[in-house]
file work.cif (mmCIF, C-alpha atoms and all ligand atoms)
data_query
#
loop_
_atom_site.label_atom_id
_atom_site.label_comp_id
_atom_site.auth_asym_id
_atom_site.auth_seq_id
_atom_site.Cartn_x
_atom_site.Cartn_y
_atom_site.Cartn_z
CA MET Y 1 68.76 -69.98 111.47
CA LYS Y 2 66.60 -71.52 108.80
CA CYS Y 3 62.81 -71.52 109.15
CA PRO Y 4 61.50 -75.13 109.00
CA VAL Y 5 58.59 -73.96 106.83
CA CYS Y 6 60.03 -71.27 104.57
CA LYS Y 7 63.44 -72.96 104.39
CA ILE Y 8 65.22 -69.63 104.30
CA ASP Y 9 67.40 -67.89 106.83
CA SER Y 10 64.51 -65.94 108.33
CA LEU Y 11 64.48 -66.75 112.06
CA GLY Y 12 65.14 -63.74 114.26
CA SER Y 13 65.39 -63.43 118.03
CA ILE Y 14 62.29 -62.36 119.94
CA THR Y 15 61.03 -62.50 123.51
CA LEU Y 16 57.92 -64.60 123.30
CA VAL Y 17 56.82 -63.87 126.85
CA GLU Y 18 58.77 -62.54 129.81
CA ASN Y 19 61.89 -64.65 130.36
CA LEU Y 20 61.24 -66.80 127.33
CA PRO Y 21 63.46 -66.03 124.36
CA ALA Y 22 62.50 -67.64 121.06
CA ASN Y 23 63.10 -67.31 117.34
CA GLN Y 24 60.40 -66.12 114.99
CA CYS Y 25 60.26 -66.32 111.24
CA SER Y 26 59.89 -62.87 109.68
CA SER Y 27 57.98 -64.41 106.80
CA CYS Y 28 55.55 -67.10 108.08
CA LYS Y 29 55.53 -65.90 111.74
CA GLY Y 30 56.20 -69.42 113.03
CA VAL Y 31 58.08 -69.67 116.33
CA TRP Y 32 60.94 -71.89 117.41
CA ILE Y 33 61.50 -72.53 121.13
CA ASP Y 34 64.71 -74.03 122.35
CA SER Y 35 64.23 -76.77 124.93
CA ASN Y 36 66.67 -75.29 127.45
CA ALA Y 37 65.08 -71.87 127.12
CA TYR Y 38 61.68 -73.38 127.79
CA ILE Y 39 62.88 -75.23 130.88
CA ALA Y 40 64.70 -72.13 132.16
CA TRP Y 41 61.44 -70.17 131.74
CA TRP Y 42 59.66 -72.84 133.73
CA LYS Y 43 62.22 -72.64 136.54
CA ALA Y 44 62.08 -68.83 136.54
CA LYS Y 45 58.35 -69.09 137.27
CA GLY Y 46 59.40 -70.71 140.55
CA GLU Y 47 57.50 -73.92 139.95
CA ASP Y 48 58.76 -77.44 139.65
CA VAL Y 49 59.58 -78.58 136.18
CA PRO Y 50 56.93 -81.12 135.21
CA MET Y 51 57.40 -84.67 134.01
CA LYS Y 52 60.73 -85.56 132.51
CA GLN Y 53 60.54 -86.09 128.78
CA THR Y 54 62.74 -89.13 128.92
CA GLU Y 55 60.07 -91.09 130.77
CA SER Y 56 57.13 -92.68 128.99
CA LYS Y 57 58.06 -91.40 125.57
CA VAL Y 58 55.48 -91.72 122.85
CA ASP Y 59 55.80 -92.32 119.17
CA PRO Y 60 55.07 -89.24 117.16
CA ALA Y 61 52.53 -89.13 114.37
CA TRP Y 62 54.48 -89.41 111.19
CA ASP Y 63 51.70 -88.40 108.83
CA VAL Y 64 53.73 -85.46 107.67
CA LYS Y 65 52.67 -83.63 104.55
CA GLU Y 66 55.92 -81.80 104.33
CA LEU Y 67 59.19 -82.44 106.09
CA LYS Y 68 60.29 -79.80 108.50
CA LEU Y 69 63.89 -79.66 109.64
CA CYS Y 70 65.20 -78.56 113.02
CA PRO Y 71 66.79 -75.09 112.73
CA ASN Y 72 69.35 -76.13 115.34
CA SER Y 73 70.44 -79.56 114.30
CA GLY Y 74 68.92 -80.21 110.89
CA HIS Y 75 67.09 -83.32 112.07
CA ILE Y 76 63.60 -84.06 110.80
CA LEU Y 77 60.95 -82.73 113.18
CA ALA Y 78 58.42 -85.24 114.52
CA ARG Y 79 54.74 -84.34 114.74
CA TYR Y 80 52.73 -84.83 117.92
CA LYS Y 81 49.02 -84.42 118.29
CA VAL Y 82 48.22 -81.93 121.03
CA LEU Y 83 44.45 -81.57 121.37
CA PRO Y 84 41.64 -84.07 120.81
CA ASP Y 85 39.57 -83.84 117.64
CA THR Y 86 41.61 -81.11 116.06
CA GLU Y 87 44.34 -80.99 113.51
CA PHE Y 88 46.57 -79.36 116.06
CA TYR Y 89 50.05 -80.85 115.91
CA LEU Y 90 53.33 -79.57 117.23
CA ASP Y 91 56.62 -80.32 115.56
CA ARG Y 92 59.46 -81.32 117.80
CA CYS Y 93 63.07 -82.29 117.34
CA SER Y 94 63.79 -85.53 119.15
CA HIS Y 95 67.50 -84.71 119.24
CA CYS Y 96 67.61 -81.25 120.79
CA ASN Y 97 63.94 -81.27 121.98
CA GLY Y 98 63.28 -77.87 120.44
CA ILE Y 99 59.68 -77.17 119.40
CA TRP Y 100 58.25 -75.50 116.33
CA PHE Y 101 54.96 -73.62 116.47
CA ASP Y 102 53.28 -72.64 113.25
CA LYS Y 103 51.74 -69.17 113.20
CA ASN Y 104 49.23 -68.68 116.07
CA GLU Y 105 49.83 -72.11 117.63
CA TRP Y 106 51.59 -70.64 120.63
CA ASP Y 107 48.71 -68.18 121.12
CA ALA Y 108 46.19 -71.00 120.82
CA LEU Y 109 47.95 -72.79 123.68
CA VAL Y 110 48.13 -69.62 125.77
CA GLU Y 111 44.39 -69.21 125.24
CA ARG Y 112 43.80 -72.67 126.66
CA ASN Y 113 46.39 -72.12 129.38
CA LEU Y 114 48.38 -75.05 128.05
CA HIS Y 115 51.53 -73.14 127.12
CA ASP Y 116 53.21 -74.23 130.35
CA ASN Y 117 52.30 -77.89 129.79
CA ILE Y 118 54.15 -78.33 126.55
CA ASN Y 119 56.56 -80.98 127.77
CA GLU Y 120 53.59 -83.12 128.80
CA PHE Y 121 52.30 -83.32 125.21
CA PHE Y 122 55.10 -85.71 124.35
CA THR Y 123 54.40 -88.14 127.18
CA ARG Y 124 52.30 -91.28 127.35
CA PRO Y 125 49.73 -89.95 129.88
CA TRP Y 126 48.91 -86.97 127.66
CA GLN Y 127 48.62 -89.09 124.55
CA ASP Y 128 46.43 -91.61 126.41
CA HIS Y 129 44.26 -88.73 127.59
CA LEU Y 130 43.90 -87.60 123.97
CA HIS Y 131 42.83 -91.08 122.97
CA THR Y 132 40.24 -91.27 125.78
CA GLU Y 133 38.80 -87.90 124.83
CA GLU Y 134 38.55 -88.83 121.18
CA THR Y 135 36.85 -92.14 121.96
CA LYS Y 136 34.40 -90.32 124.20
CA ALA Y 137 33.54 -87.80 121.51
CA HIS Y 138 33.11 -90.62 119.01
CA MET Y 139 30.72 -92.58 121.28
CA ASP Y 140 28.77 -89.43 122.09
CA LYS Y 141 28.18 -88.89 118.38
CA LEU Y 142 27.06 -92.51 117.91
CA TYR Y 143 24.57 -92.35 120.80
CA LEU Y 144 23.18 -89.10 119.52
CA GLU Y 145 22.61 -90.67 116.12
CA LYS Y 146 21.01 -93.82 117.56
CA PHE Y 147 18.82 -92.23 120.24
CA GLY Y 148 18.04 -88.86 118.75
CA GLY Y 149 18.66 -85.63 120.64
CA GLU Y 150 15.62 -85.64 122.92
CA ASP Y 151 15.87 -89.26 124.10
CA TYR Y 152 19.59 -89.00 124.49
CA GLU Y 153 19.25 -85.97 126.76
CA HIS Y 154 16.57 -87.77 128.75
CA ILE Y 155 18.55 -90.97 129.27
CA LYS Y 156 21.63 -88.99 130.25
CA GLN Y 157 19.62 -87.23 132.96
CA ILE Y 158 18.35 -90.56 134.25
CA ARG Y 159 21.87 -91.94 134.28
CA GLU Y 160 23.11 -88.93 136.19
CA TRP Y 161 20.26 -89.27 138.71
CA LEU Y 162 20.98 -92.98 139.23
CA LYS Y 163 24.77 -92.68 139.30
CA ASP Y 164 25.34 -92.28 143.04
CA HIS Y 165 21.82 -93.00 144.19
CA PRO Y 166 21.76 -95.05 147.43
CA LYS Y 167 18.89 -97.14 146.08
CA GLN Y 168 20.41 -97.57 142.63
CA GLY Y 169 20.08 -101.39 142.60
CA MET Y 170 16.39 -101.34 143.48
CA LEU Y 171 15.60 -98.54 141.07
CA LEU Y 172 17.31 -100.37 138.22
CA ALA Y 173 15.45 -103.57 139.05
CA PHE Y 174 12.20 -101.63 138.99
CA LEU Y 175 13.06 -100.21 135.59
CA GLN Y 176 14.03 -103.50 134.06
CA ALA Y 177 11.26 -105.65 135.50
CA LYS Y 178 8.53 -106.55 133.03
CA ASP Y 179 5.95 -105.92 135.69
CA PRO Y 180 7.38 -104.60 138.95
CA TYR Y 181 4.05 -105.13 140.71
CA LYS Y 182 4.10 -108.87 140.26
CA ILE Y 183 6.03 -111.14 142.58
ZN ZN Y 201 58.92 -69.19 107.95
ZN ZN Y 202 67.17 -80.29 116.88
#

call {"tool": "encode", "arguments": {"input": "work.cif", "output": "structure tokens", "more": "lines below"}}
Ligand SMILES: [Zn+2]
Ligand SMILES: [Zn+2]
result
Amino acid sequence: MKCPVCKIDSLGSITLVENLPANQCSSCKGVWIDSNAYIAWWKAKGEDVPMKQTESKVDPAWDVKELKLCPNSGHILARYKVLPDTEFYLDRCSHCNGIWFDKNEWDALVERNLHDNINEFFTRPWQDHLHTEETKAHMDKLYLEKFGGEDYEHIKQIREWLKDHPKQGMLLAFLQAKDPYKI
């Protein structure tokens, strides 16, 4: 099997974790996981297989710097963003659904306990979640710039205090009134 990165016949069989066979490149240490092997590993864990990939498919990010080809089928691998505000992408074959992990990417997912959520990365809810998180981080940065650290912390505390306060309406009116002691 050809490594999608090194483009030589360098993929050898390994056991990535118990019950999960994979192929690893002896040169770049990237890992290829077959879709059926991944699903079988899921089932062996005795849990339900999560979301079907066929539902709510998302368009991959095609900003590829270099084409990677599926070691199984030779198709071009599509790139999907996995985590917000990082350059963490996974490459996936949309024909056989196999997934390519560059060196350390599998370990990075294990670290975040996301290695058993991989099929979700390619679904609409996950991609929407990514978008929400990135927007949030962007707004947070803008507020910090506008307010300055100290005021921003202060107003966030006030917001938190008011959030579920039973007298929220009255308290807000008090805050916004020019002179709350005048009728
Ligand atoms: Zn390689
Ligand atoms: Zn393929």

call {"tool": "residues_near_ligand", "arguments": {"input": "work.cif", "ligand": "ligand ZN 201 (chain Y)", "cutoff": "7 Å", "atoms": "all atoms listed in the file", "output": "list in words"}}
result
Cys3, Pro4, Val5, Cys6, Lys7, Ser10, Cys25, Ser26, Ser27, Cys28, Lys29 and Gly30 of chain Y

call {"tool": "residues_near_point", "arguments": {"input": "work.cif", "point": "(63.1, -69.3, 126.2)", "cutoff": "8 Å", "atoms": "all atoms listed in the file", "output": "PyMOL selection string"}}
result
chain Y and resi 15-16+19-22+33-41

call {"tool": "residues_near_ligand", "arguments": {"input": "work.cif", "ligand": "ligand ZN 202 (chain Y)", "cutoff": "10 Å", "atoms": "all atoms listed in the file", "output": "count of residues only"}}
result
19

call {"tool": "closest_residue", "arguments": {"input": "work.cif", "among": "Y:Gln168, Y:Tyr143, Y:Asn119, Y:Leu90", "to": "Lys156 of chain Y", "atoms": "only C-alpha atoms"}}
result
Y:Tyr143

call {"tool": "atom_distance", "arguments": {"input": "work.cif", "atom1": "atom CA of His129 of chain Y", "atom2": "atom CA of Leu162 of chain Y"}}
result
26.4 Å

call {"tool": "closest_residue", "arguments": {"input": "work.cif", "among": "Y:Leu142, Y:Leu130, Y:Leu175, Y:Thr123", "to": "Ile158 of chain Y", "atoms": "only C-alpha atoms"}}
result
Y:Leu175

call {"tool": "residues_around", "arguments": {"input": "work.cif", "residues": "Ala108 of chain Y", "least_positions_apart": "6", "cutoff": "12 Å", "atoms": "all atoms listed in the file", "output": "list in words"}}
result
Val82, Leu83, Phe88, Tyr89, Leu90, Phe101, Asp102, Leu114 and His115 of chain Y

call {"tool": "atom_distance", "arguments": {"input": "work.cif", "atom1": "atom CA of Asp128 of chain Y", "atom2": "atom CA of Asp91 of chain Y"}}
result
18.7 Å

call {"tool": "closest_residue", "arguments": {"input": "work.cif", "among": "Y:Tyr80, Y:Trp32, Y:Trp106, Y:Trp42", "to": "Phe122 of chain Y", "atoms": "all atoms listed in the file"}}
result
Y:Tyr80
